[in-house]
file input35.tsv (TSV, C-alpha atoms)
chain	number	residue	atom	x	y	z
E	1	PRO	CA	34.87	-40.61	-60.56
E	2	LEU	CA	32.43	-42.49	-58.34
E	3	GLU	CA	32.19	-39.52	-55.98
E	4	GLU	CA	31.58	-37.14	-58.90
E	5	LYS	CA	28.83	-39.42	-60.21
E	6	PHE	CA	27.15	-39.47	-56.80
E	7	GLU	CA	27.40	-35.67	-56.50
E	8	LYS	CA	25.69	-35.17	-59.87
E	9	TRP	CA	22.94	-37.60	-58.89
E	10	ARG	CA	22.51	-35.83	-55.55
E	11	ASN	CA	22.25	-32.42	-57.23
E	12	LYS	CA	19.70	-33.59	-59.81
E	13	VAL	CA	17.50	-35.35	-57.28
E	14	GLY	CA	17.58	-32.37	-54.93
E	15	LEU	CA	16.77	-29.88	-57.70
E	16	PHE	CA	13.34	-31.46	-58.23
E	17	LEU	CA	12.77	-32.86	-54.74
E	18	GLY	CA	12.94	-29.44	-53.05
E	19	PRO	CA	10.03	-27.79	-54.93
E	20	LEU	CA	8.07	-31.08	-54.84
E	21	VAL	CA	8.32	-31.28	-51.04
E	22	PHE	CA	7.25	-27.64	-50.81
E	23	VAL	CA	4.17	-28.12	-53.00
E	24	VAL	CA	3.06	-31.29	-51.21
E	25	PHE	CA	3.49	-29.82	-47.75
E	26	TYR	CA	2.00	-26.42	-48.72
E	27	PHE	CA	-1.29	-28.01	-49.83
E	28	LEU	CA	-1.60	-30.33	-46.84
E	29	PRO	CA	-4.50	-29.41	-44.51
E	30	TYR	CA	-3.57	-27.61	-41.30
E	31	SER	CA	-5.49	-26.31	-38.30
E	32	SER	CA	-3.27	-26.07	-35.23
E	33	ILE	CA	-0.90	-23.44	-36.70
E	34	SER	CA	-1.33	-20.19	-38.64
E	35	TYR	CA	-1.07	-19.83	-42.42
E	36	GLN	CA	2.29	-18.07	-41.99
E	37	ALA	CA	3.72	-20.86	-39.82
E	38	HIS	CA	2.44	-23.57	-42.18
E	39	THR	CA	3.85	-21.80	-45.24
E	40	LEU	CA	7.17	-21.18	-43.49
E	41	SER	CA	7.46	-24.89	-42.63
E	42	ALA	CA	6.96	-25.77	-46.32
E	43	ILE	CA	9.59	-23.20	-47.37
E	44	LEU	CA	11.99	-24.51	-44.71
E	45	LEU	CA	11.66	-28.05	-46.06
E	46	TRP	CA	12.47	-26.81	-49.57
E	47	VAL	CA	15.49	-24.86	-48.30
E	48	ILE	CA	16.75	-27.79	-46.19
E	49	VAL	CA	16.52	-30.19	-49.15
E	50	TRP	CA	18.52	-27.80	-51.34
E	51	TRP	CA	21.05	-27.15	-48.58
E	52	ILE	CA	21.63	-30.89	-48.13
E	53	THR	CA	21.73	-31.76	-51.83
E	54	GLU	CA	23.42	-28.50	-52.95
E	55	ALA	CA	21.21	-28.44	-56.03
E	56	VAL	CA	22.03	-24.73	-56.27
E	57	PRO	CA	24.79	-22.90	-54.36
E	58	ILE	CA	24.02	-22.86	-50.63
E	59	PRO	CA	24.08	-19.03	-50.28
E	60	VAL	CA	21.67	-18.73	-53.23
E	61	THR	CA	19.31	-21.16	-51.50
E	62	SER	CA	19.33	-18.84	-48.46
E	63	LEU	CA	18.30	-15.92	-50.67
E	64	ILE	CA	15.60	-18.00	-52.37
E	65	GLY	CA	14.21	-18.98	-48.96
E	66	ALA	CA	13.94	-15.30	-47.96
E	67	VAL	CA	12.37	-14.38	-51.31
E	68	LEU	CA	9.77	-17.16	-50.99
E	69	CYS	CA	8.86	-15.87	-47.53
E	70	VAL	CA	8.15	-12.44	-49.06
E	71	VAL	CA	6.22	-13.86	-52.04
E	72	PHE	CA	3.99	-16.05	-49.82
E	73	ASN	CA	3.44	-13.27	-47.26
E	74	VAL	CA	5.05	-15.04	-44.31
E	75	ALA	CA	6.07	-11.65	-42.90
E	76	ASP	CA	6.84	-8.07	-43.88
E	77	VAL	CA	9.72	-7.69	-46.35
E	78	LYS	CA	11.72	-5.47	-43.97
E	79	LYS	CA	11.40	-8.02	-41.17
E	80	ILE	CA	12.49	-10.85	-43.48
E	81	PHE	CA	15.61	-9.12	-44.80
E	82	ALA	CA	16.66	-7.32	-41.58
E	83	PRO	CA	18.69	-10.33	-40.28
E	84	PHE	CA	20.96	-10.06	-43.34
E	85	ALA	CA	22.39	-7.02	-41.50
E	86	ASP	CA	22.52	-8.73	-38.11
E	87	PRO	CA	25.61	-7.82	-36.00
E	88	ILE	CA	26.94	-11.39	-36.30
E	89	VAL	CA	27.13	-10.91	-40.10
E	90	PHE	CA	29.29	-7.83	-39.58
E	91	LEU	CA	31.36	-9.68	-36.98
E	92	PHE	CA	32.32	-12.19	-39.65
E	93	LEU	CA	32.69	-9.52	-42.33
E	94	GLY	CA	35.31	-7.76	-40.21
E	95	SER	CA	36.95	-11.07	-39.28
E	96	PHE	CA	37.08	-12.19	-42.92
E	97	ILE	CA	38.80	-8.93	-43.94
E	98	ILE	CA	41.38	-9.33	-41.15
E	99	ALA	CA	41.89	-12.97	-42.15
E	100	LEU	CA	42.36	-11.88	-45.78
E	101	ALA	CA	45.02	-9.35	-44.75
E	102	MET	CA	46.83	-11.97	-42.67
E	103	SER	CA	46.79	-14.38	-45.60
E	104	LYS	CA	47.82	-11.73	-48.15
E	105	HIS	CA	50.88	-10.68	-46.14
E	106	GLY	CA	51.79	-14.15	-44.82
E	107	ILE	CA	50.96	-13.70	-41.13
E	108	ASP	CA	48.81	-16.83	-41.09
E	109	LYS	CA	51.87	-18.80	-42.26
E	110	ARG	CA	54.04	-17.27	-39.52
E	111	PHE	CA	51.50	-18.24	-36.86
E	112	ALA	CA	51.25	-21.71	-38.38
E	113	LEU	CA	55.03	-22.10	-38.28
E	114	LYS	CA	55.03	-21.07	-34.60
E	115	ILE	CA	52.62	-23.92	-33.81
E	116	LEU	CA	54.60	-26.37	-35.95
E	117	SER	CA	57.80	-25.25	-34.23
E	118	LEU	CA	56.54	-26.14	-30.75
E	119	LYS	CA	58.54	-28.95	-29.17
E	120	TYR	CA	56.75	-32.34	-29.23
E	121	VAL	CA	54.04	-30.84	-31.48
E	122	GLY	CA	55.35	-30.12	-34.97
E	123	LYS	CA	56.35	-33.66	-35.89
E	124	SER	CA	52.92	-35.23	-35.25
E	125	THR	CA	49.69	-34.35	-37.08
E	126	GLY	CA	47.72	-35.67	-34.11
E	127	ARG	CA	49.54	-33.40	-31.64
E	128	ILE	CA	49.17	-30.44	-34.00
E	129	LEU	CA	45.40	-31.03	-34.12
E	130	PHE	CA	45.18	-31.47	-30.34
E	131	THR	CA	47.27	-28.38	-29.55
E	132	PHE	CA	45.46	-26.16	-32.01
E	133	GLY	CA	42.07	-27.22	-30.66
E	134	ALA	CA	43.20	-26.67	-27.06
E	135	ILE	CA	44.39	-23.13	-27.92
E	136	THR	CA	41.07	-22.38	-29.63
E	137	ALA	CA	39.07	-23.75	-26.67
E	138	PHE	CA	41.09	-21.64	-24.22
E	139	ILE	CA	40.58	-18.46	-26.25
E	140	SER	CA	36.86	-19.23	-26.54
E	141	MET	CA	36.61	-19.27	-22.72
E	142	TRP	CA	37.06	-15.48	-22.78
E	143	ILE	CA	35.45	-14.33	-26.03
E	144	SER	CA	32.41	-15.55	-27.95
E	145	ASN	CA	32.53	-18.83	-29.85
E	146	THR	CA	32.03	-17.05	-33.18
E	147	ALA	CA	34.80	-14.54	-32.49
E	148	ALA	CA	37.19	-17.32	-31.42
E	149	THR	CA	36.41	-19.30	-34.58
E	150	ALA	CA	36.88	-16.23	-36.77
E	151	MET	CA	40.19	-15.45	-35.04
E	152	MET	CA	41.63	-18.96	-35.41
E	153	LEU	CA	40.37	-19.71	-38.93
E	154	PRO	CA	43.23	-18.05	-40.86
E	155	ILE	CA	45.77	-19.73	-38.59
E	156	ALA	CA	44.10	-23.12	-39.16
E	157	ILE	CA	44.24	-22.57	-42.93
E	158	GLY	CA	47.94	-21.69	-42.66
E	159	VAL	CA	48.65	-24.84	-40.64
E	160	VAL	CA	46.76	-27.04	-43.12
E	161	SER	CA	48.58	-25.51	-46.10
E	162	SER	CA	51.96	-25.97	-44.40
E	163	VAL	CA	51.29	-29.60	-43.41
E	164	ALA	CA	49.99	-30.36	-46.93
E	165	LYS	CA	53.24	-28.93	-48.35
E	166	ILE	CA	55.36	-31.03	-45.94
E	167	ILE	CA	53.51	-34.26	-46.77
E	168	GLY	CA	53.58	-33.43	-50.48
E	169	ASP	CA	57.34	-32.92	-50.36
E	170	GLU	CA	57.81	-36.21	-48.52
E	171	ARG	CA	55.75	-38.11	-51.10
E	172	GLY	CA	56.93	-36.16	-54.12
E	173	ILE	CA	53.39	-35.08	-55.04
E	174	VAL	CA	51.22	-31.97	-54.82
E	175	ILE	CA	48.43	-32.24	-52.22
E	176	ASP	CA	45.34	-30.06	-52.53
E	177	PRO	CA	44.57	-28.82	-48.96
E	178	LYS	CA	40.84	-28.74	-49.84
E	179	ARG	CA	40.82	-32.52	-50.38
E	180	PHE	CA	42.97	-33.25	-47.37
E	181	LYS	CA	41.63	-35.26	-44.40
E	182	PHE	CA	43.84	-33.34	-41.99
E	183	GLY	CA	42.32	-30.14	-43.39
E	184	THR	CA	38.81	-31.43	-42.68
E	185	ALA	CA	39.85	-32.33	-39.15
E	186	MET	CA	41.35	-28.86	-38.56
E	187	MET	CA	38.24	-27.04	-39.82
E	188	LEU	CA	35.96	-29.18	-37.63
E	189	MET	CA	38.29	-28.75	-34.66
E	190	THR	CA	38.26	-24.96	-35.09
E	191	ALA	CA	34.47	-24.86	-34.88
E	192	TYR	CA	33.77	-27.49	-32.24
E	193	SER	CA	36.63	-26.67	-29.86
E	194	ALA	CA	35.39	-23.07	-29.81
E	195	SER	CA	31.90	-24.30	-28.93
E	196	ILE	CA	33.26	-26.50	-26.14
E	197	GLY	CA	35.56	-23.76	-24.86
E	198	GLY	CA	32.59	-21.42	-24.59
E	199	ILE	CA	31.20	-23.30	-21.58
E	200	GLY	CA	34.39	-22.74	-19.54
E	201	THR	CA	33.51	-19.31	-18.13
E	202	PRO	CA	30.26	-17.33	-17.74
E	203	VAL	CA	31.41	-14.87	-20.42
E	204	GLY	CA	32.47	-17.58	-22.88
E	205	THR	CA	29.10	-17.51	-24.67
E	206	PRO	CA	25.83	-15.58	-24.07
E	207	PRO	CA	23.74	-18.70	-23.17
E	208	ASN	CA	25.92	-19.11	-20.06
E	209	LEU	CA	24.85	-15.70	-18.77
E	210	ILE	CA	21.23	-16.44	-19.66
E	211	GLY	CA	21.43	-19.74	-17.77
E	212	ILE	CA	22.97	-18.07	-14.69
E	213	ALA	CA	20.25	-15.40	-14.70
E	214	MET	CA	17.47	-17.99	-15.00
E	215	ILE	CA	18.91	-20.13	-12.18
E	216	GLU	CA	19.05	-17.06	-9.96
E	217	LYS	CA	15.52	-15.98	-10.92
E	218	PHE	CA	13.74	-19.32	-10.58
E	219	ALA	CA	15.93	-21.29	-8.12
E	220	PHE	CA	17.21	-18.28	-6.08
E	221	ILE	CA	20.78	-19.59	-6.41
E	222	ARG	CA	23.51	-17.17	-7.43
E	223	ILE	CA	26.46	-18.78	-9.20
E	224	SER	CA	29.70	-16.80	-8.99
E	225	PHE	CA	32.31	-16.61	-11.73
E	226	PHE	CA	34.65	-18.91	-9.79
E	227	GLN	CA	31.90	-21.45	-9.01
E	228	TRP	CA	30.96	-21.64	-12.69
E	229	VAL	CA	34.57	-22.28	-13.72
E	230	MET	CA	34.98	-24.99	-11.07
E	231	ILE	CA	31.91	-26.80	-12.42
E	232	ALA	CA	32.43	-26.19	-16.13
E	233	LEU	CA	36.21	-26.64	-16.50
E	234	PRO	CA	36.25	-30.41	-15.75
E	235	MET	CA	33.33	-30.84	-18.18
E	236	LEU	CA	35.22	-28.84	-20.79
E	237	ILE	CA	38.33	-31.02	-20.45
E	238	ILE	CA	36.37	-34.29	-20.69
E	239	MET	CA	34.35	-33.05	-23.68
E	240	TYR	CA	37.49	-31.83	-25.43
E	241	ILE	CA	39.24	-35.19	-25.05
E	242	PHE	CA	36.24	-36.98	-26.56
E	243	LEU	CA	36.03	-34.35	-29.33
E	244	PHE	CA	39.68	-34.84	-30.26
E	245	ILE	CA	39.36	-38.65	-30.36
E	246	LEU	CA	36.19	-38.44	-32.48
E	247	ILE	CA	37.52	-35.91	-35.00
E	248	TYR	CA	40.95	-37.52	-35.26
E	249	TYR	CA	39.70	-41.03	-35.96
E	250	LEU	CA	36.86	-39.97	-38.26
E	251	ASN	CA	39.27	-37.83	-40.30
E	252	LYS	CA	42.54	-39.61	-39.66
E	253	PRO	CA	45.38	-37.66	-41.33
E	254	GLU	CA	47.05	-39.23	-44.33
E	255	ILE	CA	50.29	-39.40	-42.35
E	256	SER	CA	50.83	-39.39	-38.58
E	257	LYS	CA	54.50	-38.33	-38.42
E	258	LEU	CA	56.14	-35.47	-40.31
E	259	ASN	CA	59.74	-36.52	-40.88
E	260	THR	CA	60.92	-33.39	-42.66
E	261	SER	CA	58.95	-30.78	-40.75
E	262	SER	CA	62.00	-29.18	-39.10
E	263	THR	CA	63.75	-28.79	-42.47
E	264	PHE	CA	60.57	-27.43	-44.04
E	265	ILE	CA	60.09	-24.92	-41.19
E	266	ALA	CA	63.69	-23.70	-41.46
E	267	ASP	CA	63.39	-23.26	-45.25
E	268	PHE	CA	60.00	-21.57	-44.92
E	269	LYS	CA	61.27	-19.13	-42.28
E	270	HIS	CA	64.18	-18.24	-44.55
E	271	LYS	CA	61.80	-17.58	-47.47
E	272	LEU	CA	59.51	-15.41	-45.33
E	273	GLY	CA	62.49	-13.36	-44.13
E	274	THR	CA	62.03	-10.41	-41.77
E	275	MET	CA	58.61	-8.93	-41.13
E	276	LYS	CA	57.48	-6.34	-43.65
E	277	ALA	CA	55.18	-3.33	-43.24
E	278	GLY	CA	52.11	-5.21	-44.44
E	279	GLU	CA	52.68	-8.01	-41.92
E	280	ILE	CA	53.17	-5.55	-39.06
E	281	ASN	CA	49.99	-3.68	-40.03
E	282	ALA	CA	48.00	-6.93	-40.21
E	283	ILE	CA	49.26	-7.90	-36.74
E	284	ILE	CA	48.32	-4.47	-35.36
E	285	ALA	CA	44.77	-4.77	-36.72
E	286	PHE	CA	44.51	-8.35	-35.46
E	287	LEU	CA	45.76	-7.46	-31.97
E	288	VAL	CA	43.51	-4.39	-31.69
E	289	THR	CA	40.51	-6.57	-32.51
E	290	VAL	CA	41.54	-9.32	-30.08
E	291	VAL	CA	42.10	-6.81	-27.25
E	292	LEU	CA	38.68	-5.24	-27.88
E	293	TRP	CA	37.17	-8.75	-27.80
E	294	LEU	CA	38.98	-9.66	-24.56
E	295	ILE	CA	38.22	-6.52	-22.54
E	296	PRO	CA	34.58	-7.51	-21.69
E	297	GLY	CA	35.85	-10.77	-20.19
E	298	PHE	CA	38.18	-8.88	-17.84
E	299	PHE	CA	35.43	-6.40	-16.92
E	300	ALA	CA	33.11	-9.31	-16.14
E	301	LEU	CA	35.81	-10.98	-14.05
E	302	ILE	CA	36.60	-7.82	-12.05
E	303	TYR	CA	33.26	-6.00	-11.86
E	304	GLY	CA	30.71	-8.69	-12.71
E	305	THR	CA	28.34	-9.01	-15.67
E	306	ASP	CA	25.71	-6.82	-13.98
E	307	SER	CA	28.06	-3.85	-13.58
E	308	SER	CA	27.54	-0.61	-15.49
E	309	VAL	CA	31.13	-0.75	-16.80
E	310	PHE	CA	30.50	-4.14	-18.45
E	311	LYS	CA	27.16	-3.05	-19.92
E	312	ILE	CA	28.41	0.31	-21.21
E	313	TYR	CA	31.39	-1.30	-22.93
E	314	ASN	CA	29.21	-3.97	-24.59
E	315	ASN	CA	26.75	-1.30	-25.75
E	316	HIS	CA	29.43	0.88	-27.33
E	317	LEU	CA	31.99	-1.69	-28.47
E	318	PRO	CA	30.25	-5.01	-29.14
E	319	GLU	CA	32.18	-7.78	-30.90
E	320	SER	CA	30.87	-6.85	-34.35
E	321	VAL	CA	32.04	-3.23	-33.99
E	322	ALA	CA	35.43	-4.41	-32.66
E	323	ALA	CA	35.89	-6.60	-35.76
E	324	LEU	CA	34.95	-3.71	-38.06
E	325	ILE	CA	37.39	-1.37	-36.26
E	326	GLY	CA	40.20	-3.86	-36.88
E	327	ALA	CA	39.13	-4.29	-40.51
E	328	SER	CA	38.91	-0.52	-41.06
E	329	LEU	CA	42.46	-0.06	-39.75
E	330	LEU	CA	43.70	-2.21	-42.63
E	331	PHE	CA	42.45	0.42	-45.09
E	332	LEU	CA	44.25	3.18	-43.15
E	333	LEU	CA	47.61	1.62	-42.21
E	334	PRO	CA	50.01	2.30	-45.12
E	335	VAL	CA	52.45	-0.11	-46.73
E	336	ARG	CA	53.94	2.54	-49.01
E	337	ILE	CA	52.73	5.98	-47.95
E	338	ASN	CA	54.33	7.75	-50.92
E	339	LYS	CA	52.23	5.62	-53.32
E	340	LEU	CA	49.14	5.69	-51.05
E	341	GLU	CA	49.29	1.90	-50.89
E	342	PHE	CA	47.54	0.48	-47.81
E	343	THR	CA	47.47	-2.93	-46.14
E	344	VAL	CA	44.36	-4.01	-48.06
E	345	ASN	CA	42.30	-2.42	-50.82
E	346	TRP	CA	38.84	-3.04	-52.23
E	347	LYS	CA	40.19	-5.36	-54.94
E	348	ASP	CA	41.44	-7.59	-52.12
E	349	VAL	CA	38.20	-7.42	-50.14
E	350	ILE	CA	35.96	-8.54	-53.00
E	351	LYS	CA	37.74	-11.91	-52.74
E	352	ILE	CA	36.37	-12.69	-49.26
E	353	ASP	CA	33.64	-15.31	-48.85
E	354	TRP	CA	30.56	-13.12	-49.36
E	355	GLY	CA	28.49	-16.27	-49.90
E	356	THR	CA	29.00	-17.29	-46.28
E	357	LEU	CA	27.73	-13.90	-45.09
E	358	ILE	CA	24.59	-14.35	-47.22
E	359	LEU	CA	24.19	-17.85	-45.78
E	360	PHE	CA	24.37	-16.42	-42.24
E	361	GLY	CA	21.76	-13.81	-43.12
E	362	GLY	CA	19.41	-16.36	-44.67
E	363	GLY	CA	19.74	-18.73	-41.73
E	364	LEU	CA	19.13	-15.96	-39.20
E	365	SER	CA	16.12	-14.73	-41.19
E	366	LEU	CA	14.46	-18.16	-41.29
E	367	GLY	CA	15.30	-18.71	-37.62
E	368	ASN	CA	13.72	-15.40	-36.59
E	369	LEU	CA	10.61	-16.14	-38.64
E	370	MET	CA	10.20	-19.47	-36.85
E	371	PHE	CA	9.76	-17.52	-33.60
E	372	GLU	CA	7.71	-14.72	-35.17
E	373	THR	CA	5.17	-17.15	-36.66
E	374	LYS	CA	5.15	-19.38	-33.51
E	375	LEU	CA	6.35	-22.32	-35.62
E	376	ALA	CA	9.22	-22.89	-33.16
E	377	ASP	CA	6.75	-23.03	-30.24
E	378	TYR	CA	4.58	-25.51	-32.11
E	379	LEU	CA	7.50	-27.78	-33.00
E	380	GLY	CA	8.88	-27.64	-29.47
E	381	THR	CA	5.51	-28.49	-27.94
E	382	SER	CA	5.00	-31.32	-30.46
E	383	PHE	CA	8.34	-32.90	-29.53
E	384	ILE	CA	7.56	-32.69	-25.81
E	385	ASN	CA	4.11	-34.23	-26.24
call {"tool": "encode", "arguments": {"input": "input35.tsv", "output": "structure tokens"}}
result
Amino acid sequence: PLEEKFEKWRNKVGLFLGPLVFVVFYFLPYSSISYQAHTLSAILLWVIVWWITEAVPIPVTSLIGAVLCVVFNVADVKKIFAPFADPIVFLFLGSFIIALAMSKHGIDKRFALKILSLKYVGKSTGRILFTFGAITAFISMWISNTAATAMMLPIAIGVVSSVAKIIGDERGIVIDPKRFKFGTAMMLMTAYSASIGGIGTPVGTPPNLIGIAMIEKFAFIRISFFQWVMIALPMLIIMYIFLFILIYYLNKPEISKLNTSSTFIADFKHKLGTMKAGEINAIIAFLVTVVLWLIPGFFALIYGTDSSVFKIYNNHLPESVAALIGASLLFLLPVRINKLEFTVNWKDVIKIDWGTLILFGGGLSLGNLMFETKLADYLGTSFIN
């Protein structure tokens, strides 16, 4: 009740504070930046206040921010709304559809049970969290952080649901995974371990390649793939250990030891039974996507990031297209061919988190406008001075 009271207060305050901050900042005198940059900064403050207070749904706030930029002539309407179709939005669209198929047919639960079945892992929530994060970090060394997060998200949800069921059975209660500290820890671990894993290899995340190119251009020092790994891997390990300690103790699971996990896993495996057509199709789509995501890493390792093979592949099969290929397969792989029933249908797909895609688009739009209007340059210079 106290939390609900605070949430209502937070929403009400934010609802009026956002527009008030905008009006005050909009009418403040300015000289060192353009009208567009000044107006954008006022709109950003409004959006940030509403994002923090959640006065209106967060995706709606993203749309309102873009609309305000059009109304106050911050930039051309096409330029403002173009980032809503940025490749990263389609990367997550494809990943969300694959995740939905895995959840619909129970593959996420099978993967979760595999992790819980690992010796010395399944009986401890701490070891589950550590192992899952380590797997995510390793995968993120070879594909982008966003792709690694999208890949591991459905598995993380399956693990959280399974652990919540185990703890609920032990206590004789029903635990909502959404209000579960272990669930919070797993979601944070999925995101942050992918970010940390990205530094492990030059191809782990685009900023690594940008950094290598800049070092070579300005310092005339060429860093090889192996040299980068030798420098970055110890940093990755140290950062990951600190990450695990921080996340675990800030979101300490409700229970540290799962006494009945082996019994639960055996019962769950029996209920799942043998793999069905929908599960096999979901795995095929998932594996096709993962292979397409991994290939650039191998090309970079063998031929280098400057090679024509690496560049041609990335031009024709970037991560967003790979995710959409996997998602499209789900509409083509049949479950019952005689009834024209496929792995997923449009009724399934409308259930994915479209709000998150809008949020991505809105965030990318505002971010691009900060560079277009030189607001980012001004803020960066102000911080330095």
call {"tool": "atom_distance", "arguments": {"input": "input35.tsv", "atom1": "CA of Glu319 in chain E", "atom2": "CA of Asp86 in chain E"}}
result
12.1 Å
call {"tool": "closest_atom_pairs", "arguments": {"input": "input35.tsv", "of": "range 33-80 of chain E", "to": "range 354-365 of chain E", "cutoff": "10 Å", "atoms": "all atoms listed in the file", "output": "JSON lines"}}
result
{"residue": "E:Val47", "atom": "CA", "partner": "E:Gly363", "partner_atom": "CA", "distance": 9.9}
{"residue": "E:Pro57", "atom": "CA", "partner": "E:Gly355", "partner_atom": "CA", "distance": 8.8}
{"residue": "E:Ile58", "atom": "CA", "partner": "E:Leu359", "partner_atom": "CA", "distance": 7.0}
{"residue": "E:Pro59", "atom": "CA", "partner": "E:Leu359", "partner_atom": "CA", "distance": 4.7}
{"residue": "E:Val60", "atom": "CA", "partner": "E:Leu359", "partner_atom": "CA", "distance": 7.9}
{"residue": "E:Thr61", "atom": "CA", "partner": "E:Leu359", "partner_atom": "CA", "distance": 8.2}
{"residue": "E:Ser62", "atom": "CA", "partner": "E:Gly362", "partner_atom": "CA", "distance": 4.5}
{"residue": "E:Leu63", "atom": "CA", "partner": "E:Gly362", "partner_atom": "CA", "distance": 6.1}
{"residue": "E:Ile64", "atom": "CA", "partner": "E:Gly362", "partner_atom": "CA", "distance": 8.7}
{"residue": "E:Gly65", "atom": "CA", "partner": "E:Gly362", "partner_atom": "CA", "distance": 7.2}
{"residue": "E:Ala66", "atom": "CA", "partner": "E:Gly362", "partner_atom": "CA", "distance": 6.5}
{"residue": "E:Val67", "atom": "CA", "partner": "E:Gly362", "partner_atom": "CA", "distance": 9.9}
{"residue": "E:Cys69", "atom": "CA", "partner": "E:Ser365", "partner_atom": "CA", "distance": 9.7}
{"residue": "E:Lys79", "atom": "CA", "partner": "E:Ser365", "partner_atom": "CA", "distance": 8.2}
{"residue": "E:Ile80", "atom": "CA", "partner": "E:Ser365", "partner_atom": "CA", "distance": 5.8}
call {"tool": "closest_residue", "arguments": {"input": "input35.tsv", "among": "E:Ile255, E:Ile43, E:Val71, E:Ala55", "to": "Phe180 in chain E", "atoms": "all atoms listed in the file"}}
result
E:Ile255
call {"tool": "atom_distance", "arguments": {"input": "input35.tsv", "atom1": "CA of Leu292 in chain E", "atom2": "CA of Leu317 in chain E"}}
result
7.6 Å
call {"tool": "residues_near_point", "arguments": {"input": "input35.tsv", "point": "(47.1, 3.0, -44.3)", "cutoff": "12 Å", "atoms": "only C-alpha atoms", "output": "MDAnalysis selection string"}}
result
chainID E and resid 277:278 280:282 284:285 327:345
call {"tool": "atom_distance", "arguments": {"input": "input35.tsv", "atom1": "CA of His316 in chain E", "atom2": "CA of Pro296 in chain E"}}
result
11.3 Å
call {"tool": "closest_residue", "arguments": {"input": "input35.tsv", "among": "E:Leu129, E:Met141, E:Asp176, E:Leu294", "to": "Leu233 in chain E", "atoms": "only C-alpha atoms"}}
result
E:Met141
